[in-house]
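Visitor: What follows is coords_4.pdb, made up of PDB, C-alpha atoms, pLDDT in the B column:
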ATOM      1  CA  MET A   1       0.000   0.000   0.000  1.00 94.00           C
ATOM      2  CA  LEU A   2       1.198   3.525  -0.828  1.00 97.00           C
ATOM      3  CA  ARG A   3       0.389   6.554   1.273  1.00 97.00           C
ATOM      4  CA  ASP A   4       1.760   9.875   2.468  1.00 97.00           C
ATOM      5  CA  ALA A   5       3.959   9.642   5.530  1.00 96.00           C
ATOM      6  CA  ALA A   6       2.557  11.193   8.671  1.00 94.00           C
ATOM      7  CA  GLN A   7       4.657  13.965  10.198  1.00 92.00           C
ATOM      8  CA  ASP A   8       5.574  11.813  13.202  1.00 94.00           C
ATOM      9  CA  GLU A   9       6.818   9.040  10.859  1.00 94.00           C
ATOM     10  CA  ILE A  10       9.443  11.205   9.145  1.00 94.00           C
ATOM     11  CA  PRO A  11      12.289  10.284  11.565  1.00 93.00           C
ATOM     12  CA  MET A  12      11.550   6.584  10.996  1.00 93.00           C
ATOM     13  CA  VAL A  13      11.450   7.126   7.208  1.00 94.00           C
ATOM     14  CA  ARG A  14      14.827   8.868   7.338  1.00 94.00           C
ATOM     15  CA  LYS A  15      16.279   5.960   9.304  1.00 93.00           C
ATOM     16  CA  GLN A  16      14.879   3.518   6.711  1.00 93.00           C
ATOM     17  CA  ARG A  17      16.485   5.592   3.931  1.00 93.00           C
ATOM     18  CA  LEU A  18      19.889   5.449   5.601  1.00 93.00           C
ATOM     19  CA  GLN A  19      19.576   1.683   6.065  1.00 93.00           C
ATOM     20  CA  ALA A  20      18.583   1.236   2.407  1.00 93.00           C
ATOM     21  CA  TYR A  21      21.626   3.200   1.218  1.00 92.00           C
ATOM     22  CA  GLN A  22      24.038   1.581   3.699  1.00 91.00           C
ATOM     23  CA  GLU A  23      25.309  -0.831   1.034  1.00 90.00           C
ATOM     24  CA  TYR A  24      27.082   2.049  -0.705  1.00 91.00           C
ATOM     25  CA  THR A  25      29.443   2.709   2.214  1.00 89.00           C
ATOM     26  CA  SER A  26      31.828   0.128   0.775  1.00 89.00           C
ATOM     27  CA  ILE A  27      32.155   1.919  -2.585  1.00 87.00           C
ATOM     28  CA  LEU A  28      32.020   5.570  -1.534  1.00 86.00           C
ATOM     29  CA  ASN A  29      34.769   7.500   0.149  1.00 80.00           C
ATOM     30  CA  SER A  30      33.950   8.807   3.613  1.00 84.00           C
ATOM     31  CA  PHE A  31      33.404  12.390   2.413  1.00 80.00           C
ATOM     32  CA  HIS A  32      30.914  11.292  -0.253  1.00 80.00           C
ATOM     33  CA  TRP A  33      29.077   8.980   2.162  1.00 84.00           C
ATOM     34  CA  GLU A  34      28.902  11.803   4.698  1.00 84.00           C
ATOM     35  CA  ALA A  35      27.367  14.117   2.065  1.00 81.00           C
ATOM     36  CA  LEU A  36      24.898  11.452   0.918  1.00 83.00           C
ATOM     37  CA  SER A  37      23.847  10.424   4.409  1.00 85.00           C
ATOM     38  CA  GLY A  38      23.455  14.084   5.350  1.00 79.00           C
ATOM     39  CA  THR A  39      21.136  14.573   2.404  1.00 82.00           C
ATOM     40  CA  LEU A  40      19.116  11.456   3.239  1.00 85.00           C
ATOM     41  CA  SER A  41      18.520  12.623   6.789  1.00 83.00           C
ATOM     42  CA  SER A  42      18.158  16.365   6.168  1.00 82.00           C
ATOM     43  CA  ASP A  43      15.054  18.445   6.813  1.00 79.00           C
ATOM     44  CA  ALA A  44      14.532  18.978   3.065  1.00 80.00           C
ATOM     45  CA  ASP A  45      11.586  16.582   3.165  1.00 81.00           C
ATOM     46  CA  LEU A  46       9.755  18.995   5.489  1.00 83.00           C
ATOM     47  CA  GLU A  47       9.629  21.857   2.976  1.00 82.00           C
ATOM     48  CA  THR A  48       6.263  23.176   1.829  1.00 83.00           C
ATOM     49  CA  GLU A  49       4.471  21.063  -0.777  1.00 91.00           C
ATOM     50  CA  VAL A  50       7.016  18.225  -0.568  1.00 93.00           C
ATOM     51  CA  ASP A  51       5.393  14.777  -0.639  1.00 96.00           C
ATOM     52  CA  VAL A  52       6.966  11.973   1.383  1.00 96.00           C
ATOM     53  CA  ILE A  53       5.390   8.764   0.087  1.00 98.00           C
ATOM     54  CA  ILE A  54       5.818   5.400   1.743  1.00 97.00           C
ATOM     55  CA  ALA A  55       5.146   1.829   0.663  1.00 97.00           C
ATOM     56  CA  GLU A  56       4.096  -0.433   3.484  1.00 95.00           C
ATOM     57  CA  THR A  57       2.730  -3.880   4.156  1.00 95.00           C
ATOM     58  CA  THR A  58      -0.822  -4.390   5.377  1.00 94.00           C
ATOM     59  CA  GLU A  59       0.757  -4.794   8.822  1.00 94.00           C
ATOM     60  CA  GLY A  60       2.216  -1.271   8.586  1.00 91.00           C
ATOM     61  CA  ILE A  61       5.850  -2.239   7.999  1.00 92.00           C
ATOM     62  CA  ILE A  62       7.563   0.394   5.825  1.00 93.00           C
ATOM     63  CA  LEU A  63       9.235  -1.262   2.830  1.00 96.00           C
ATOM     64  CA  GLY A  64      10.305   1.852   0.992  1.00 97.00           C
ATOM     65  CA  SER A  65       9.863   5.558   0.509  1.00 96.00           C
ATOM     66  CA  VAL A  66      10.349   8.379  -1.947  1.00 97.00           C
ATOM     67  CA  VAL A  67      10.229  12.165  -1.797  1.00 96.00           C
ATOM     68  CA  LEU A  68       8.582  14.263  -4.509  1.00 96.00           C
ATOM     69  CA  PHE A  69       9.714  17.881  -4.626  1.00 93.00           C
ATOM     70  CA  PRO A  70       7.541  20.471  -6.372  1.00 93.00           C
ATOM     71  CA  ALA A  71       8.757  22.302  -9.473  1.00 91.00           C
ATOM     72  CA  LYS A  72      10.985  25.331  -9.064  1.00 85.00           C
ATOM     73  CA  THR A  73      12.469  24.252  -5.738  1.00 80.00           C
ATOM     74  CA  MET A  74      16.136  23.858  -4.985  1.00 59.00           C
ATOM     75  CA  ALA A  75      15.824  20.108  -4.429  1.00 53.00           C
ATOM     76  CA  TYR A  76      19.624  19.748  -4.482  1.00 56.00           C
ATOM     77  CA  GLY A  77      20.605  23.011  -2.869  1.00 56.00           C
ATOM     78  CA  ASP A  78      23.205  24.978  -4.812  1.00 56.00           C
ATOM     79  CA  TRP A  79      24.304  21.990  -6.905  1.00 53.00           C
ATOM     80  CA  THR A  80      21.582  22.444  -9.535  1.00 61.00           C
ATOM     81  CA  ASP A  81      19.168  25.054 -10.743  1.00 64.00           C
ATOM     82  CA  ALA A  82      15.513  25.018  -9.747  1.00 66.00           C
ATOM     83  CA  LEU A  83      13.827  23.052 -12.529  1.00 80.00           C
ATOM     84  CA  ASP A  84      10.444  23.701 -14.145  1.00 89.00           C
ATOM     85  CA  TYR A  85       9.132  20.278 -13.174  1.00 93.00           C
ATOM     86  CA  PRO A  86       8.838  18.147 -10.025  1.00 96.00           C
ATOM     87  CA  GLU A  87      11.827  16.103  -8.892  1.00 95.00           C
ATOM     88  CA  ILE A  88      11.908  12.606  -7.426  1.00 96.00           C
ATOM     89  CA  ARG A  89      14.443  12.259  -4.629  1.00 93.00           C
ATOM     90  CA  MET A  90      15.645   9.747  -2.082  1.00 93.00           C
ATOM     91  CA  LEU A  91      13.988   6.622  -3.474  1.00 96.00           C
ATOM     92  CA  ALA A  92      14.794   3.958  -0.902  1.00 95.00           C
ATOM     93  CA  VAL A  93      13.640   0.336  -0.718  1.00 96.00           C
ATOM     94  CA  ASN A  94      14.684  -1.992   2.083  1.00 94.00           C
ATOM     95  CA  PRO A  95      17.209  -4.544   0.740  1.00 92.00           C
ATOM     96  CA  GLU A  96      15.000  -7.516   1.721  1.00 92.00           C
ATOM     97  CA  ALA A  97      12.064  -6.001  -0.209  1.00 94.00           C
ATOM     98  CA  ARG A  98      13.934  -5.297  -3.460  1.00 93.00           C
ATOM     99  CA  GLY A  99      13.010  -6.984  -6.713  1.00 93.00           C
ATOM    100  CA  LYS A 100       9.296  -6.921  -5.893  1.00 95.00           C
ATOM    101  CA  GLY A 101       8.346  -3.790  -7.806  1.00 96.00           C
ATOM    102  CA  ILE A 102       8.181  -1.467  -4.806  1.00 97.00           C
ATOM    103  CA  GLY A 103      10.587   1.113  -6.256  1.00 97.00           C
ATOM    104  CA  LYS A 104       8.658   1.146  -9.512  1.00 97.00           C
ATOM    105  CA  LYS A 105       5.353   1.615  -7.663  1.00 98.00           C
ATOM    106  CA  LEU A 106       6.783   4.543  -5.720  1.00 98.00           C
ATOM    107  CA  VAL A 107       8.118   6.182  -8.908  1.00 98.00           C
ATOM    108  CA  ASN A 108       4.795   5.576 -10.683  1.00 98.00           C
ATOM    109  CA  GLU A 109       2.997   7.288  -7.796  1.00 98.00           C
ATOM    110  CA  CYS A 110       5.260  10.314  -8.248  1.00 98.00           C
ATOM    111  CA  VAL A 111       4.489  10.287 -11.971  1.00 98.00           C
ATOM    112  CA  ARG A 112       0.747  10.063 -11.271  1.00 98.00           C
ATOM    113  CA  ARG A 113       0.858  12.997  -8.852  1.00 98.00           C
ATOM    114  CA  THR A 114       2.946  15.049 -11.256  1.00 98.00           C
ATOM    115  CA  LYS A 115       0.489  14.479 -14.120  1.00 97.00           C
ATOM    116  CA  GLU A 116      -2.403  15.273 -11.790  1.00 97.00           C
ATOM    117  CA  LYS A 117      -0.818  18.680 -11.136  1.00 95.00           C
ATOM    118  CA  GLY A 118      -0.614  19.348 -14.879  1.00 96.00           C
ATOM    119  CA  PHE A 119       3.119  18.980 -15.441  1.00 97.00           C
ATOM    120  CA  THR A 120       4.454  17.414 -18.634  1.00 96.00           C
ATOM    121  CA  LYS A 121       7.844  16.374 -17.182  1.00 97.00           C
ATOM    122  CA  ILE A 122       9.267  14.831 -14.036  1.00 98.00           C
ATOM    123  CA  GLY A 123      12.938  14.622 -13.189  1.00 96.00           C
ATOM    124  CA  LEU A 124      15.358  12.939 -10.828  1.00 95.00           C
ATOM    125  CA  HIS A 125      19.031  12.580 -10.053  1.00 92.00           C
ATOM    126  CA  THR A 126      20.876   9.401  -9.125  1.00 93.00           C
ATOM    127  CA  GLY A 127      24.465   8.554  -8.293  1.00 90.00           C
ATOM    128  CA  SER A 128      26.528   7.029 -11.090  1.00 88.00           C
ATOM    129  CA  PHE A 129      27.193   4.076  -8.752  1.00 90.00           C
ATOM    130  CA  MET A 130      23.475   3.250  -8.426  1.00 92.00           C
ATOM    131  CA  THR A 131      23.296   0.917 -11.411  1.00 92.00           C
ATOM    132  CA  ASN A 132      20.073  -0.843 -10.375  1.00 92.00           C
ATOM    133  CA  ALA A 133      18.314   2.489  -9.928  1.00 94.00           C
ATOM    134  CA  MET A 134      19.477   3.632 -13.370  1.00 95.00           C
ATOM    135  CA  LYS A 135      18.123   0.409 -14.912  1.00 96.00           C
ATOM    136  CA  LEU A 136      14.770   1.025 -13.216  1.00 96.00           C
ATOM    137  CA  TYR A 137      14.539   4.630 -14.392  1.00 97.00           C
ATOM    138  CA  GLU A 138      15.683   3.916 -17.945  1.00 97.00           C
ATOM    139  CA  GLY A 139      13.287   0.955 -18.130  1.00 97.00           C
ATOM    140  CA  MET A 140      10.460   3.323 -17.184  1.00 97.00           C
ATOM    141  CA  GLY A 141      11.406   5.695 -20.006  1.00 97.00           C
ATOM    142  CA  PHE A 142      13.492   8.295 -18.191  1.00 98.00           C
ATOM    143  CA  LYS A 143      16.107   9.916 -20.444  1.00 98.00           C
ATOM    144  CA  ARG A 144      19.484  11.291 -19.423  1.00 97.00           C
ATOM    145  CA  THR A 145      19.832  15.071 -19.197  1.00 95.00           C
ATOM    146  CA  PRO A 146      23.566  15.457 -18.557  1.00 95.00           C
ATOM    147  CA  GLU A 147      23.340  19.253 -18.609  1.00 93.00           C
ATOM    148  CA  TYR A 148      21.882  18.961 -15.075  1.00 91.00           C
ATOM    149  CA  ASP A 149      24.510  16.522 -13.742  1.00 91.00           C
ATOM    150  CA  PHE A 150      26.732  17.550 -10.858  1.00 86.00           C
ATOM    151  CA  GLU A 151      29.694  16.205  -8.862  1.00 85.00           C
ATOM    152  CA  PRO A 152      29.066  16.975  -5.174  1.00 78.00           C
ATOM    153  CA  ALA A 153      32.237  15.588  -3.637  1.00 76.00           C
ATOM    154  CA  ASN A 154      34.793  16.254  -6.415  1.00 79.00           C
ATOM    155  CA  ASP A 155      35.618  12.551  -6.357  1.00 81.00           C
ATOM    156  CA  GLY A 156      34.628  11.470  -9.866  1.00 83.00           C
ATOM    157  CA  ILE A 157      31.186  10.279  -8.795  1.00 85.00           C
ATOM    158  CA  ILE A 158      28.591  12.065 -10.874  1.00 91.00           C
ATOM    159  CA  VAL A 159      25.021  12.615  -9.762  1.00 89.00           C
ATOM    160  CA  GLN A 160      23.253  12.001 -13.051  1.00 94.00           C
ATOM    161  CA  ALA A 161      20.092  13.803 -14.121  1.00 94.00           C
ATOM    162  CA  TYR A 162      17.115  12.133 -15.794  1.00 97.00           C
ATOM    163  CA  VAL A 163      13.783  13.397 -17.073  1.00 97.00           C
ATOM    164  CA  LEU A 164      10.591  11.657 -18.140  1.00 98.00           C
ATOM    165  CA  ASP A 165       8.339  13.282 -20.722  1.00 97.00           C
ATOM    166  CA  LEU A 166       4.727  12.910 -19.581  1.00 97.00           C
ATOM    167  CA  SER A 167       3.110  14.693 -22.511  1.00 92.00           C
ATOM    168  CA  SER A 168       2.434  11.583 -24.580  1.00 73.00           C
TER     169      SER A 168
END
Output the file's structure as structure tokens, nothing else.
Guide:
Amino acid sequence: MLRDAAQDEIPMVRKQRLQAYQEYTSILNSFHWEALSGTLSSDADLETEVDVIIAETTEGIILGSVVLFPAKTMAYGDWTDALDYPEIRMLAVNPEARGKGIGKKLVNECVRRTKEKGFTKIGLHTGSFMTNAMKLYEGMGFKRTPEYDFEPANDGIIVQAYVLDLSS
């Protein structure tokens, strides 16, 4: 089941995000991991009109989450410009729940909400080391927009931009 996270669930969602991304500690340098983990646990998900969406079991166990930022917000701080379309951020699925379509359902919910608001595009950024995420996004029709890429830690790891055209 998908639903908006309640305000009092946000700390638990942030903890789940960190656990979901924990596997990357072995491939990222400490500075990059510190930047990523800081982003995953920041207060950015509390900004006005930001949707924090969770996927849970019927028993209420959170399996994954995603954050949908509205258009024209600085979803990545000073690293990118404010874009004219909503941005998907911090997609996180518990390792034991992966491969069951949860990530795709969360992304599709972001797409649905974006269309409902009348936008013809939705974007996202993902680390160049997140190969499974890139396969998911590309399989859903997202296209690379390298002009919006950035390198937050000056360590060769690029945060790659993608956009999905919703007009068709």
Visitor: Do you know which residues the PyMOL selection byres ((chain A and resi 52-64) around 12) returns on this file, as a VMD selection string?
Guide: chain A and resid 1 to 21 43 to 51 65 to 70 88 to 110 113
Visitor: Nearest to Leu164 in chain A: which of A:Met130, A:Leu136, A:Leu28, A:Ile122 is it, counting all atoms listed in the file?
Guide: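 Distance minimum relative to Leu164 in chain A lands on A:Ile122.
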Visitor: Applying the PyMOL selection byres ((chain A and resi 141-143) around 8) to the file I just gave you, which residues come out? Please list them as an NGL selection string.
Guide: :A and (137-140 or 144-145 or 162-165)
Visitor: Quick one: of A:Leu40, A:Ala71, A:Ile27, A:Val159, who's nearest to Glu87 in chain A, counting only C-alpha atoms?
Guide: A:Ala71
Visitor: Of the candidates A:Ser168, A:Asn29, A:Ser41, A:Asn154, which one gets nearest to Lys121 in chain A if we count all atoms listed in the file?
Guide: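 Result for the nearest residue to Lys121 in chain A: A:Ser168.
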Visitor: Can you work out the spacing between CA of His32 in chain A and CA of Glu151 in chain A in Å, to one decimal?
Guide: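 Separating CA of His32 in chain A from CA of Glu151 in chain A is a distance of 10.0 Å.
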Visitor: Need the axis-aligned box for range 150-164 of chain A with 6 Å each side, so what are the centre and edges in Å to one decimal, as lines of an AutoDock Vina configuration file?
Guide:
center_x = 23.1
center_y = 13.9
center_z = -10.9
size_x = 37.0
size_y = 19.3
size_z = 26.5
Visitor: Which of these, A:Ser128, A:Gly118, A:Ile157, A:Ser42, has the shortest distance to Asp84 in chain A once you count all atoms listed in the file?
Guide: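 For Asp84 in chain A, the nearest of the candidates is A:Gly118.
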Visitor: Please report the interatomic distance between CA of Thr114 in chain A and CA of Pro86 in chain A in Å with one decimal.
Guide: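 We find that CA of Thr114 in chain A and CA of Pro86 in chain A lie 6.8 Å from each other.
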